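Peer 1: Structure supplied as my_file_10.csv; contents: CSV, C-alpha atoms and all ligand atoms.
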chain,number,residue,atom,x,y,z
A,1,MET,CA,27.3,-0.1,-14.2
A,2,THR,CA,27.9,-0.5,-10.5
A,3,GLY,CA,29.9,-3.3,-9.0
A,4,ARG,CA,26.8,-5.1,-7.9
A,5,TRP,CA,25.3,-4.9,-11.4
A,6,ARG,CA,28.5,-6.1,-12.9
A,7,ARG,CA,28.5,-9.0,-10.5
A,8,ARG,CA,25.0,-9.9,-11.3
A,9,ALA,CA,25.6,-9.7,-15.1
A,10,PHE,CA,28.7,-11.8,-14.6
A,11,LEU,CA,26.9,-14.4,-12.6
A,12,SER,CA,24.0,-14.8,-15.0
A,13,VAL,CA,26.6,-15.4,-17.8
A,14,VAL,CA,28.6,-17.8,-15.8
A,15,LEU,CA,25.7,-19.8,-14.7
A,16,GLY,CA,24.3,-19.8,-18.2
A,17,ALA,CA,20.8,-20.3,-16.8
A,18,PRO,CA,17.9,-18.2,-15.6
A,19,TRP,CA,19.3,-18.1,-12.1
A,20,LEU,CA,16.8,-15.6,-11.1
A,21,ALA,CA,14.1,-18.2,-11.7
A,22,GLY,CA,15.9,-20.3,-9.1
A,23,VAL,CA,17.1,-22.9,-11.6
A,24,LEU,CA,20.7,-23.3,-10.8
A,25,PRO,CA,22.7,-25.6,-13.1
A,26,TRP,CA,24.2,-27.7,-10.2
A,27,GLY,CA,20.8,-27.9,-8.5
A,28,GLY,CA,22.2,-26.3,-5.3
A,29,SER,CA,20.8,-23.6,-3.2
A,30,ALA,CA,20.0,-20.4,-5.0
A,31,GLU,CA,21.3,-18.4,-2.0
A,32,ALA,CA,24.8,-18.3,-3.7
A,33,ALA,CA,23.3,-15.7,-6.1
A,34,GLY,CA,20.9,-14.3,-3.6
A,35,ILE,CA,19.2,-11.0,-4.1
A,36,ARG,CA,18.2,-9.2,-0.9
A,37,VAL,CA,15.1,-7.2,-1.3
A,38,ALA,CA,14.1,-5.0,1.6
A,39,LEU,CA,10.3,-4.3,1.9
A,40,VAL,CA,10.1,-1.2,3.9
A,41,VAL,CA,6.5,-0.6,5.1
A,42,LYS,CA,4.9,2.5,6.7
A,43,ASN,CA,4.8,0.7,10.0
A,44,LEU,CA,4.8,-2.8,11.6
A,45,GLY,CA,1.7,-4.3,13.0
A,46,ASN,CA,-0.5,-3.2,10.1
A,47,GLY,CA,-2.5,-6.2,8.6
A,48,PHE,CA,-2.4,-4.6,5.1
A,49,PHE,CA,1.4,-4.7,5.0
A,50,GLU,CA,1.5,-8.1,6.6
A,51,ALA,CA,-0.6,-9.4,3.7
A,52,ALA,CA,1.8,-7.6,1.3
A,53,ARG,CA,4.7,-9.3,3.0
A,54,ASN,CA,3.1,-12.7,2.4
A,55,GLY,CA,2.9,-11.8,-1.3
A,56,GLY,CA,6.5,-10.7,-1.3
A,57,LEU,CA,7.5,-14.0,0.2
A,58,GLU,CA,5.5,-15.9,-2.4
A,59,ALA,CA,7.4,-14.1,-5.2
A,60,ALA,CA,10.7,-14.8,-3.5
A,61,ARG,CA,9.9,-18.5,-3.2
A,62,GLU,CA,8.8,-18.6,-6.8
A,63,LEU,CA,11.9,-16.8,-8.1
A,64,GLY,CA,14.4,-18.6,-5.8
A,65,GLY,CA,17.5,-16.9,-4.6
A,66,VAL,CA,15.6,-13.9,-3.4
A,67,GLU,CA,15.5,-13.0,0.3
A,68,VAL,CA,12.9,-10.6,1.6
A,69,ILE,CA,13.8,-8.4,4.5
A,70,TYR,CA,10.5,-7.1,5.9
A,71,THR,CA,11.0,-4.0,8.0
A,72,GLY,CA,9.4,-0.7,9.0
A,73,PRO,CA,9.2,1.6,12.0
A,74,THR,CA,6.8,0.9,14.9
A,75,THR,CA,4.9,4.1,14.1
A,76,PRO,CA,4.5,5.5,10.6
A,77,THR,CA,7.0,8.3,10.5
A,78,ALA,CA,9.5,9.5,7.9
A,79,GLU,CA,12.2,9.7,10.5
A,80,GLY,CA,11.8,6.0,11.4
A,81,GLN,CA,12.0,5.0,7.8
A,82,ILE,CA,15.1,7.2,7.2
A,83,GLU,CA,16.9,5.4,9.9
A,84,ILE,CA,15.9,2.0,8.5
A,85,VAL,CA,17.0,2.9,5.0
A,86,GLY,CA,20.4,4.1,6.4
A,87,THR,CA,20.8,0.7,8.0
A,88,LEU,CA,19.8,-1.1,4.8
A,89,ILE,CA,22.4,0.9,2.9
A,90,ALA,CA,25.1,-0.2,5.4
A,91,GLN,CA,23.9,-3.8,5.0
A,92,LYS,CA,24.3,-3.4,1.2
A,93,VAL,CA,20.9,-4.9,0.3
A,94,ASP,CA,20.3,-5.1,-3.5
A,95,ALA,CA,16.9,-3.4,-3.5
A,96,ILE,CA,14.7,-1.3,-1.3
A,97,VAL,CA,10.9,-1.3,-2.0
A,98,ILE,CA,9.3,1.3,0.2
A,99,SER,CA,5.8,2.5,1.1
A,100,ALA,CA,6.9,6.0,2.0
A,101,ASN,CA,5.6,7.9,5.0
A,102,ASP,CA,6.5,11.2,3.3
A,103,PRO,CA,7.1,11.6,-0.5
A,104,ASP,CA,9.8,14.1,-0.1
A,105,ALA,CA,11.6,13.6,3.3
A,106,LEU,CA,12.8,10.2,2.2
A,107,VAL,CA,14.3,11.4,-1.1
A,108,PRO,CA,17.8,12.3,0.1
A,109,ILE,CA,18.4,8.9,1.8
A,110,CYS,CA,16.9,7.0,-1.0
A,111,LYS,CA,19.1,8.9,-3.5
A,112,ARG,CA,22.1,7.9,-1.4
A,113,ALA,CA,20.9,4.3,-1.6
A,114,MET,CA,20.7,4.6,-5.4
A,115,ASN,CA,24.1,6.2,-5.6
A,116,ARG,CA,25.5,3.1,-3.8
A,117,GLY,CA,24.0,0.8,-6.5
A,118,ILE,CA,20.8,-0.2,-4.6
A,119,SER,CA,17.7,-0.3,-6.7
A,120,VAL,CA,14.9,1.8,-5.1
A,121,LEU,CA,11.3,1.4,-5.9
A,122,SER,CA,8.3,2.7,-4.1
A,123,PHE,CA,4.9,0.9,-3.8
A,124,ASP,CA,1.6,1.8,-2.2
A,125,SER,CA,2.5,5.2,-0.9
A,126,GLY,CA,4.9,6.8,-3.4
A,127,LEU,CA,8.2,8.6,-3.2
A,128,ALA,CA,8.8,11.7,-5.3
A,129,PRO,CA,10.3,10.6,-8.6
A,130,ALA,CA,13.8,11.9,-7.6
A,131,GLY,CA,14.0,9.2,-4.9
A,132,ARG,CA,13.1,6.1,-6.8
A,133,ALA,CA,13.2,4.3,-10.1
A,134,PHE,CA,9.4,3.8,-10.3
A,135,GLN,CA,6.3,3.7,-8.2
A,136,ILE,CA,3.9,0.7,-8.1
A,137,ASN,CA,0.3,1.8,-7.4
A,138,ALA,CA,-2.1,-0.8,-6.3
A,139,SER,CA,-4.7,0.6,-8.6
A,140,SER,CA,-5.2,3.9,-10.4
A,141,PRO,CA,-5.4,6.7,-7.8
A,142,GLU,CA,-8.4,8.2,-9.7
A,143,LEU,CA,-10.3,4.9,-9.5
A,144,ILE,CA,-9.6,4.5,-5.8
A,145,GLY,CA,-10.7,8.0,-5.0
A,146,GLN,CA,-13.8,7.9,-7.1
A,147,LYS,CA,-14.8,4.5,-5.9
A,148,GLN,CA,-15.0,5.8,-2.3
A,149,ILE,CA,-17.3,8.6,-3.2
A,150,GLU,CA,-19.4,6.3,-5.3
A,151,MET,CA,-19.8,3.9,-2.3
A,152,VAL,CA,-20.7,6.6,0.2
A,153,SER,CA,-23.2,8.0,-2.2
A,154,GLN,CA,-24.8,4.6,-2.8
A,155,THR,CA,-25.0,3.9,1.0
A,156,LEU,CA,-26.5,7.4,1.8
A,157,GLY,CA,-28.8,7.6,-1.3
A,158,GLY,CA,-26.7,10.6,-2.4
A,159,LYS,CA,-27.5,12.9,0.6
A,160,GLY,CA,-25.7,13.9,3.8
A,161,GLU,CA,-22.7,15.2,5.6
A,162,VAL,CA,-19.6,13.1,5.3
A,163,ALA,CA,-16.1,13.3,6.9
A,164,ILE,CA,-12.8,11.7,6.0
A,165,LEU,CA,-10.6,9.9,8.5
A,166,SER,CA,-7.2,9.5,6.9
A,167,ALA,CA,-3.9,8.0,7.9
A,168,THR,CA,-0.9,10.5,8.4
A,169,ALA,CA,-1.1,14.0,7.0
A,170,GLN,CA,2.0,13.3,4.8
A,171,ALA,CA,0.9,10.0,3.3
A,172,ALA,CA,1.2,10.5,-0.5
A,173,ASN,CA,-1.3,7.7,-1.3
A,174,GLN,CA,-4.1,9.0,1.0
A,175,ASN,CA,-3.5,12.6,0.0
A,176,THR,CA,-3.9,11.8,-3.6
A,177,TRP,CA,-7.1,9.9,-3.0
A,178,ILE,CA,-8.5,12.7,-0.8
A,179,GLY,CA,-7.7,15.1,-3.7
A,180,VAL,CA,-9.7,12.9,-6.1
A,181,MET,CA,-12.5,12.6,-3.6
A,182,LYS,CA,-12.8,16.3,-3.1
A,183,ALA,CA,-12.8,16.8,-6.9
A,184,ALA,CA,-15.6,14.2,-7.3
A,185,LEU,CA,-17.6,15.8,-4.5
A,186,ALA,CA,-17.5,19.1,-6.4
A,187,THR,CA,-19.3,17.6,-9.4
A,188,PRO,CA,-23.1,17.8,-9.9
A,189,SER,CA,-23.4,14.0,-9.5
A,190,TYR,CA,-22.6,14.4,-5.8
A,191,ALA,CA,-24.2,17.7,-5.0
A,192,GLY,CA,-26.2,16.2,-2.1
A,193,LEU,CA,-23.1,15.2,-0.2
A,194,SER,CA,-21.1,17.7,1.8
A,195,LEU,CA,-17.6,17.1,3.2
A,196,VAL,CA,-17.5,18.7,6.6
A,197,ASP,CA,-14.1,17.6,8.0
A,198,VAL,CA,-10.9,15.7,7.3
A,199,ALA,CA,-9.1,14.1,10.4
A,200,TYR,CA,-5.9,12.1,10.7
A,201,GLY,CA,-5.5,9.0,12.8
A,202,ASP,CA,-1.9,8.4,11.7
A,203,ASP,CA,-2.6,4.7,10.9
A,204,GLN,CA,-2.6,4.1,14.7
A,205,SER,CA,-5.7,2.3,16.0
A,206,ASP,CA,-6.0,4.3,19.2
A,207,LYS,CA,-5.5,7.7,17.6
A,208,SER,CA,-7.8,6.8,14.7
A,209,TYR,CA,-10.5,5.7,17.2
A,210,ARG,CA,-10.2,9.0,19.2
A,211,GLU,CA,-10.4,11.0,16.0
A,212,ALA,CA,-13.5,9.1,14.9
A,213,ILE,CA,-15.2,9.8,18.2
A,214,GLY,CA,-14.2,13.5,17.8
A,215,LEU,CA,-15.8,13.6,14.3
A,216,LEU,CA,-19.0,12.0,15.7
A,217,ARG,CA,-19.2,14.5,18.5
A,218,LYS,CA,-18.3,17.6,16.5
A,219,HIS,CA,-20.8,16.9,13.6
A,220,PRO,CA,-24.1,15.7,15.0
A,221,ASN,CA,-25.6,15.4,11.5
A,222,LEU,CA,-22.7,13.3,10.2
A,223,LYS,CA,-24.0,10.5,8.0
A,224,ALA,CA,-20.8,8.8,7.0
A,225,ILE,CA,-17.1,8.5,7.7
A,226,ILE,CA,-14.9,7.6,4.8
A,227,ALA,CA,-11.6,6.1,5.9
A,228,PRO,CA,-9.1,5.5,3.0
A,229,THR,CA,-6.9,3.4,5.3
A,230,THR,CA,-7.4,-0.1,6.7
A,231,VAL,CA,-6.4,1.1,10.2
A,232,GLY,CA,-8.8,4.1,10.1
A,233,ILE,CA,-11.8,2.2,8.7
A,234,THR,CA,-11.6,-0.4,11.5
A,235,ALA,CA,-11.3,2.2,14.2
A,236,ALA,CA,-14.1,4.3,12.8
A,237,ALA,CA,-16.4,1.2,12.6
A,238,LYS,CA,-15.6,0.4,16.2
A,239,ALA,CA,-16.3,4.0,17.3
A,240,VAL,CA,-19.7,4.1,15.5
A,241,THR,CA,-20.6,0.8,17.1
A,242,ASP,CA,-19.5,1.9,20.6
A,243,GLN,CA,-21.4,5.1,20.3
A,244,ASN,CA,-24.6,3.2,19.3
A,245,LEU,CA,-24.7,4.9,16.0
A,246,VAL,CA,-25.0,1.8,13.8
A,247,GLY,CA,-27.6,2.6,11.1
A,248,LYS,CA,-27.3,6.3,11.7
A,249,VAL,CA,-23.7,6.8,10.7
A,250,PHE,CA,-22.1,4.5,8.1
A,251,VAL,CA,-18.4,3.8,7.7
A,252,THR,CA,-16.8,3.2,4.3
A,253,GLY,CA,-13.4,3.5,2.6
A,254,LEU,CA,-10.6,1.0,2.2
A,255,GLY,CA,-10.5,-2.0,4.5
A,256,LEU,CA,-9.4,-5.6,4.7
A,257,PRO,CA,-12.2,-8.1,4.4
A,258,SER,CA,-10.7,-10.1,7.3
A,259,GLU,CA,-10.9,-7.0,9.6
A,260,MET,CA,-14.2,-5.7,8.2
A,261,ALA,CA,-16.4,-8.8,8.0
A,262,GLY,CA,-17.8,-8.4,11.5
A,263,HIS,CA,-18.6,-4.7,10.9
A,264,VAL,CA,-20.4,-5.5,7.6
A,265,HIS,CA,-22.6,-8.0,9.4
A,266,THR,CA,-23.5,-5.6,12.2
A,267,GLY,CA,-24.4,-2.9,9.6
A,268,ALA,CA,-21.7,-0.4,10.8
A,269,VAL,CA,-20.3,-0.8,7.3
A,270,ASP,CA,-22.5,-1.2,4.3
A,271,ARG,CA,-19.7,-1.6,1.7
A,272,PHE,CA,-16.0,-0.9,1.4
A,273,ALA,CA,-13.3,-1.5,-1.2
A,274,ILE,CA,-9.7,-2.7,-1.4
A,275,TRP,CA,-7.3,-4.3,-3.9
A,276,ASN,CA,-5.4,-7.5,-3.2
A,277,PRO,CA,-2.5,-6.6,-0.9
A,278,ILE,CA,-0.9,-10.0,-1.4
A,279,ASP,CA,-0.7,-9.4,-5.1
A,280,LEU,CA,0.7,-5.9,-4.4
A,281,GLY,CA,3.5,-7.3,-2.3
A,282,TYR,CA,4.2,-10.1,-4.8
A,283,THR,CA,4.4,-7.6,-7.6
A,284,ALA,CA,6.7,-5.3,-5.7
A,285,VAL,CA,9.2,-7.9,-4.8
A,286,TYR,CA,9.0,-9.6,-8.2
A,287,ALA,CA,9.6,-6.3,-10.0
A,288,ALA,CA,12.5,-5.3,-7.7
A,289,SER,CA,14.2,-8.7,-8.3
A,290,GLN,CA,13.9,-8.3,-12.0
A,291,VAL,CA,15.5,-4.8,-11.9
A,292,VAL,CA,18.3,-6.0,-9.8
A,293,ALA,CA,18.9,-9.0,-12.1
A,294,GLY,CA,19.1,-6.6,-15.1
A,295,LYS,CA,16.0,-8.2,-16.6
A,296,ALA,CA,14.1,-4.9,-16.6
A,297,SER,CA,15.4,-1.3,-16.7
A,298,GLY,CA,12.6,0.1,-14.6
A,299,LYS,CA,12.6,3.2,-16.9
A,300,PRO,CA,9.5,5.1,-17.8
A,301,GLY,CA,7.8,3.6,-20.9
A,302,THR,CA,9.2,0.1,-20.4
A,303,ALA,CA,7.6,-3.0,-18.9
A,304,VAL,CA,8.6,-5.4,-16.1
A,305,GLY,CA,7.5,-9.1,-16.1
A,306,VAL,CA,5.9,-9.9,-12.8
A,307,GLY,CA,5.3,-13.6,-12.8
A,308,ARG,CA,1.6,-14.6,-12.2
A,309,MET,CA,0.6,-11.0,-12.2
A,310,GLY,CA,1.7,-10.6,-15.9
A,311,THR,CA,3.4,-7.4,-16.9
A,312,LEU,CA,3.8,-4.1,-15.2
A,313,GLN,CA,3.8,-1.2,-17.6
A,314,ILE,CA,5.7,1.8,-16.3
A,315,GLY,CA,4.0,4.9,-17.5
A,316,PRO,CA,5.7,8.0,-18.8
A,317,SER,CA,5.9,9.6,-15.4
A,318,GLY,CA,7.4,6.4,-13.8
A,319,ASP,CA,4.1,5.2,-12.2
A,320,ALA,CA,2.7,1.7,-12.7
A,321,ALA,CA,-0.8,0.8,-11.7
A,322,MET,CA,-2.3,-2.7,-11.0
A,323,ALA,CA,-5.9,-3.8,-10.8
A,324,GLN,CA,-9.2,-2.1,-10.0
A,325,PRO,CA,-10.3,-2.0,-6.4
A,326,THR,CA,-13.0,-4.5,-5.5
A,327,VAL,CA,-16.1,-3.6,-3.6
A,328,PHE,CA,-17.0,-5.8,-0.7
A,329,ASP,CA,-20.4,-6.1,1.1
A,330,LYS,CA,-22.5,-8.8,2.8
A,331,SER,CA,-22.4,-10.9,-0.4
A,332,ASN,CA,-18.7,-11.5,-0.7
A,333,VAL,CA,-16.9,-10.3,2.4
A,334,ASP,CA,-16.8,-13.7,4.1
A,335,GLN,CA,-15.3,-15.4,1.1
A,336,PHE,CA,-12.4,-12.9,0.9
A,337,ALA,CA,-11.9,-12.6,4.7
A,338,LYS,CA,-10.1,-16.0,4.5
A,339,LEU,CA,-7.5,-14.5,2.2
A,340,PHE,CA,-6.6,-11.0,3.4
B,401,LIG,C1,-3.3,1.4,5.3
B,401,LIG,C2,-2.1,2.1,4.8
B,401,LIG,C3,-1.8,1.8,3.4
B,401,LIG,C4,-3.0,1.9,2.5
B,401,LIG,C5,-4.1,1.0,3.0
B,401,LIG,C6,-5.4,1.2,2.2
B,401,LIG,O1,-3.0,0.1,5.6
B,401,LIG,O2,-2.3,3.5,5.0
B,401,LIG,O3,-0.8,2.7,2.9
B,401,LIG,O4,-2.8,1.6,1.2
B,401,LIG,O5,-4.4,1.4,4.4
Would you kindly transcribe this structure into structure tokens?
Peer 2:
Amino acid sequence: MTGRWRRRAFLSVVLGAPWLAGVLPWGGSAEAAGIRVALVVKNLGNGFFEAARNGGLEAARELGGVEVIYTGPTTPTAEGQIEIVGTLIAQKVDAIVISANDPDALVPICKRAMNRGISVLSFDSGLAPAGRAFQINASSPELIGQKQIEMVSQTLGGKGEVAILSATAQAANQNTWIGVMKAALATPSYAGLSLVDVAYGDDQSDKSYREAIGLLRKHPNLKAIIAPTTVGITAAAKAVTDQNLVGKVFVTGLGLPSEMAGHVHTGAVDRFAIWNPIDLGYTAVYAASQVVAGKASGKPGTAVGVGRMGTLQIGPSGDAAMAQPTVFDKSNVDQFAKLF
């Protein structure tokens, strides 16, 4: 038991009340027992992570006594995150919840954090098991990958050339989904679709846009771009629109209804999918707080209570998955665009 853990255990005994739930016996500020949870995202300025931050803040408000430090590099690099984690170690935060820009490069610094008694979890884009207690996946990686092939097949009537426009080449989440997509494309159900290219826009709008234009020029028979990233899908839809290819080339993948509604209405996007990023951030901060408080071990095969999201089951390999991705089209995009 580390010093911090001892202190927490001691506090919970002394207070004799569920202090994590923000109910302090003297009715004072919960800050006295404050847990500091750092939410380290791939990069700042990404609407997906901003929605996750809002969910994290909601969990902190609900729990009381939890402070969320929302941080990340300006561009999605492992180096930027390594520097940030180093600073968080020096600041002695209680937990680090990270969407990693590289599953392996972050492991040594995250191990150092754990050795100093900091709870480390990954969410969204996972860290290799050696670098964290467990990984929270928004949904099952298989479902996310398959859903994108199912969508493109529905839009194209099962036929045509498709290309993938991804985030960074090291992103564990996108790489897992691409692996599932390739496997699905190799099955007889999708024999009419051919994957002609995979490009990387690094979750930067300008680079994603340039890469999308590059795909359109390089593959004159391209029928669809699948972008498994909220940044990439927006840039690809804009590229298709600017090139006057709406109706000829369709864009699909993972997007935020708030960013995609316009493109769905113009027809650049027929359908796309996503899970609720607010719920993901809420779950991540809630789970981390529970581990810090000693209310959950975070060990494989155990469960963590996550407030309004119920219970997170940690699988045998230390991975926990949340809900199914939802598909959005003209019928429901406006309704959800108000939320995320
Ligand atoms: C981008 C990021 C994030 C991913 C979403 C779908 O915002 O790459 O990691 O989960 O897209």
Peer 1: Show me, as JSON, the centre and edge lengths in Å to one decimal of the axis-aligned box that covers every listed atom of range 41-50 of chain A with 3 Å on each side.
Peer 2:
{"center_x": 2.0, "center_y": -2.8, "center_z": 9.0, "size_x": 15.0, "size_y": 16.6, "size_z": 14.0}
Peer 1: Hey, could you make a per-residue contact list for range 91-137 of chain A against range 171-190 of chain A with 8 Å as the cut-off, showing the nearest pair of atoms and its distance in Å to one decimal, counting all atoms listed in the file, sorted by chain and number, as JSON lines?
Peer 2:
{"residue": "A:Ala100", "atom": "CA", "partner": "A:Ala171", "partner_atom": "CA", "distance": 7.3}
{"residue": "A:Asn101", "atom": "CA", "partner": "A:Ala171", "partner_atom": "CA", "distance": 5.4}
{"residue": "A:Asp102", "atom": "CA", "partner": "A:Ala171", "partner_atom": "CA", "distance": 5.7}
{"residue": "A:Pro103", "atom": "CA", "partner": "A:Ala172", "partner_atom": "CA", "distance": 6.0}
{"residue": "A:Asp124", "atom": "CA", "partner": "A:Asn173", "partner_atom": "CA", "distance": 6.6}
{"residue": "A:Ser125", "atom": "CA", "partner": "A:Asn173", "partner_atom": "CA", "distance": 4.6}
{"residue": "A:Gly126", "atom": "CA", "partner": "A:Ala172", "partner_atom": "CA", "distance": 6.0}
{"residue": "A:Leu127", "atom": "CA", "partner": "A:Ala172", "partner_atom": "CA", "distance": 7.7}
Peer 1: Give as an mmCIF file with C-alpha atoms, in the coordinates of the input each residue that has an atom at most 10 Å from (1.2, -2.5, 16.1) in the file, counting only C-alpha atoms.
Peer 2:
data_model
loop_
_atom_site.group_PDB
_atom_site.id
_atom_site.type_symbol
_atom_site.label_atom_id
_atom_site.label_comp_id
_atom_site.auth_asym_id
_atom_site.auth_seq_id
_atom_site.Cartn_x
_atom_site.Cartn_y
_atom_site.Cartn_z
ATOM 1 C CA ASN A 43 4.800 0.700 10.000
ATOM 2 C CA LEU A 44 4.800 -2.800 11.600
ATOM 3 C CA GLY A 45 1.700 -4.300 13.000
ATOM 4 C CA ASN A 46 -0.500 -3.200 10.100
ATOM 5 C CA GLY A 47 -2.500 -6.200 8.600
ATOM 6 C CA PRO A 73 9.200 1.600 12.000
ATOM 7 C CA THR A 74 6.800 0.900 14.900
ATOM 8 C CA THR A 75 4.900 4.100 14.100
ATOM 9 C CA ASP A 203 -2.600 4.700 10.900
ATOM 10 C CA GLN A 204 -2.600 4.100 14.700
ATOM 11 C CA SER A 205 -5.700 2.300 16.000
#
Peer 1: For Gln91 in chain A, please output as a list in words all residues within 12 Å (counting all atoms listed in the file; exclusion window: fewer than 4 positions along the same chain).
Peer 2: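 Here the qualifying residues turn out to be Arg36, Val37, Ala38, Ile69, Ile84, Val85, Gly86, Thr87, Ala95, Ile96, Ala113, Arg116 and Ile118 of chain A.
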Peer 1: Please measure the separation of CA of Val240 in chain A and CA of Asp270 in chain A, giving the value in Å to one decimal.
Peer 2: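 It comes out at 12.7 Å.
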Peer 1: Env of Ala212 in chain A: 7 Å cut, atoms = all atoms listed in the file, seq-sep filter 3 positions within chain, self excluded. Answer as a ChimeraX atom specification.
Peer 2: /A:208-209,215-216,236,239
Peer 1: Pick out the residues no farther than 6 Å from ligand LIG 401 (chain B), counting only C-alpha atoms and all ligand atoms, and list them as an MDAnalysis selection string.
Peer 2: chainID A and resid 48 124:125 167 228:231 254
Peer 1: Would you mind listing what lies within 6 Å of Ala321 in chain A as a short mmCIF file (atom, residue, chain, number, x, y, z; two decimals) with C-alpha atoms, in the frame of the given file, with only C-alpha atoms counted and same-chain residues fewer than 4 positions away left out?
Peer 2:
data_model
loop_
_atom_site.label_atom_id
_atom_site.label_comp_id
_atom_site.auth_asym_id
_atom_site.auth_seq_id
_atom_site.Cartn_x
_atom_site.Cartn_y
_atom_site.Cartn_z
CA ILE A 136 3.90 0.70 -8.10
CA ASN A 137 0.30 1.80 -7.40
CA ALA A 138 -2.10 -0.80 -6.30
CA SER A 139 -4.70 0.60 -8.60
CA SER A 140 -5.20 3.90 -10.40
#
Peer 1: Of the residues A:Val246, A:Ala284, A:Ala320, A:Cys110, which is the one nearest to Gly307 in chain A, using only C-alpha atoms?
Peer 2: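 Residue with the minimum atom-to-atom distance to Gly307 in chain A: A:Ala284.
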Peer 1: Would you kindly return, as a short mmCIF file (atom, residue, chain, number, x, y, z; two decimals) with C-alpha atoms, in the coordinates of the input, each protein, DNA or RNA residue with an atom no farther than 7 Å from any atom of Val198 in chain A, considering all atoms listed in the file and excluding same-chain residues fewer than 2 positions away?
Peer 2:
data_model
loop_
_atom_site.label_atom_id
_atom_site.label_comp_id
_atom_site.auth_asym_id
_atom_site.auth_seq_id
_atom_site.Cartn_x
_atom_site.Cartn_y
_atom_site.Cartn_z
CA ALA A 163 -16.10 13.30 6.90
CA ILE A 164 -12.80 11.70 6.00
CA LEU A 165 -10.60 9.90 8.50
#
Peer 1: Report, in Å with one decimal, the straight-line distance from CA of Ala273 in chain A to CA of Gly253 in chain A.
Peer 2: 6.3 Å
Peer 1: Could you tell me how far CA of Ala323 in chain A lies from CA of Gln135 in chain A, in Å and to one decimal?
Peer 2: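 CA of Gln135 in chain A lies 14.6 Å from CA of Ala323 in chain A.
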Peer 1: When distances are computed from all atoms listed in the file, which of A:Gln313, A:Ser119, A:Thr155, A:Ser289 shows the smallest separation from Ile35 in chain A?
Peer 2: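 So, comparing all the options, the nearest one is A:Ser289.
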Peer 1: Taking all atoms listed in the file into account, which of A:Val304, A:Leu143, A:Leu339, A:Ala105 comes nearest Ile278 in chain A?
Peer 2: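 Residue with the minimum atom-to-atom distance to Ile278 in chain A: A:Leu339.
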Peer 1: For a quick check of understanding, using only C-alpha atoms, which of A:Lys330, A:Arg308, A:Arg61, A:His263 has the smallest distance to Ile233 in chain A?
Peer 2: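 Nearest candidate to Ile233 in chain A out of A:Lys330, A:Arg308, A:Arg61, A:His263: A:His263.
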Peer 1: Closest to Val249 in chain A among A:Gly318, A:Gly80, A:Gly160, A:Gly56, using all atoms listed in the file?
Peer 2: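 The closest residue to Val249 in chain A is A:Gly160.
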Peer 1: Counting all atoms listed in the file, which residues have an atom no more than 12 Å from (13.3, -1.3, -17.9) in the file's coordinates? Please list them as a list in words.
Peer 2: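 Counting all atoms listed in the file, I find these residues within 12 Å of (13.3, -1.3, -17.9): Ala133, Phe134, Ala287, Ala288, Gln290, Val291, Val292, Ala293, Gly294, Lys295, Ala296, Ser297, Gly298, Lys299, Pro300, Gly301, Thr302, Ala303, Val304, Gly305, Thr311, Leu312, Gln313, Ile314, Gly315 and Gly318 of chain A.
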Peer 1: Using the selection just defined, write its residues with C-alpha atoms as a PDB file, in the coordinates of the input.
Peer 2:
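So selection-v2.pdb came out as:
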ATOM      1  CA  ALA A 133      13.200   4.300 -10.100  1.00  0.00           C
ATOM      2  CA  PHE A 134       9.400   3.800 -10.300  1.00  0.00           C
ATOM      3  CA  ALA A 287       9.600  -6.300 -10.000  1.00  0.00           C
ATOM      4  CA  ALA A 288      12.500  -5.300  -7.700  1.00  0.00           C
ATOM      5  CA  GLN A 290      13.900  -8.300 -12.000  1.00  0.00           C
ATOM      6  CA  VAL A 291      15.500  -4.800 -11.900  1.00  0.00           C
ATOM      7  CA  VAL A 292      18.300  -6.000  -9.800  1.00  0.00           C
ATOM      8  CA  ALA A 293      18.900  -9.000 -12.100  1.00  0.00           C
ATOM      9  CA  GLY A 294      19.100  -6.600 -15.100  1.00  0.00           C
ATOM     10  CA  LYS A 295      16.000  -8.200 -16.600  1.00  0.00           C
ATOM     11  CA  ALA A 296      14.100  -4.900 -16.600  1.00  0.00           C
ATOM     12  CA  SER A 297      15.400  -1.300 -16.700  1.00  0.00           C
ATOM     13  CA  GLY A 298      12.600   0.100 -14.600  1.00  0.00           C
ATOM     14  CA  LYS A 299      12.600   3.200 -16.900  1.00  0.00           C
ATOM     15  CA  PRO A 300       9.500   5.100 -17.800  1.00  0.00           C
ATOM     16  CA  GLY A 301       7.800   3.600 -20.900  1.00  0.00           C
ATOM     17  CA  THR A 302       9.200   0.100 -20.400  1.00  0.00           C
ATOM     18  CA  ALA A 303       7.600  -3.000 -18.900  1.00  0.00           C
ATOM     19  CA  VAL A 304       8.600  -5.400 -16.100  1.00  0.00           C
ATOM     20  CA  GLY A 305       7.500  -9.100 -16.100  1.00  0.00           C
ATOM     21  CA  THR A 311       3.400  -7.400 -16.900  1.00  0.00           C
ATOM     22  CA  LEU A 312       3.800  -4.100 -15.200  1.00  0.00           C
ATOM     23  CA  GLN A 313       3.800  -1.200 -17.600  1.00  0.00           C
ATOM     24  CA  ILE A 314       5.700   1.800 -16.300  1.00  0.00           C
ATOM     25  CA  GLY A 315       4.000   4.900 -17.500  1.00  0.00           C
ATOM     26  CA  GLY A 318       7.400   6.400 -13.800  1.00  0.00           C
TER      27      GLY A 318
END
Peer 1: Hey, which of A:Gln324, A:Ser331, A:Ser258, A:Asn221 ends up closest to Arg271 in chain A? Count all atoms listed in the file.
Peer 2: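 Between A:Gln324, A:Ser331, A:Ser258, A:Asn221, the residue approaching Arg271 in chain A most closely is A:Ser331.
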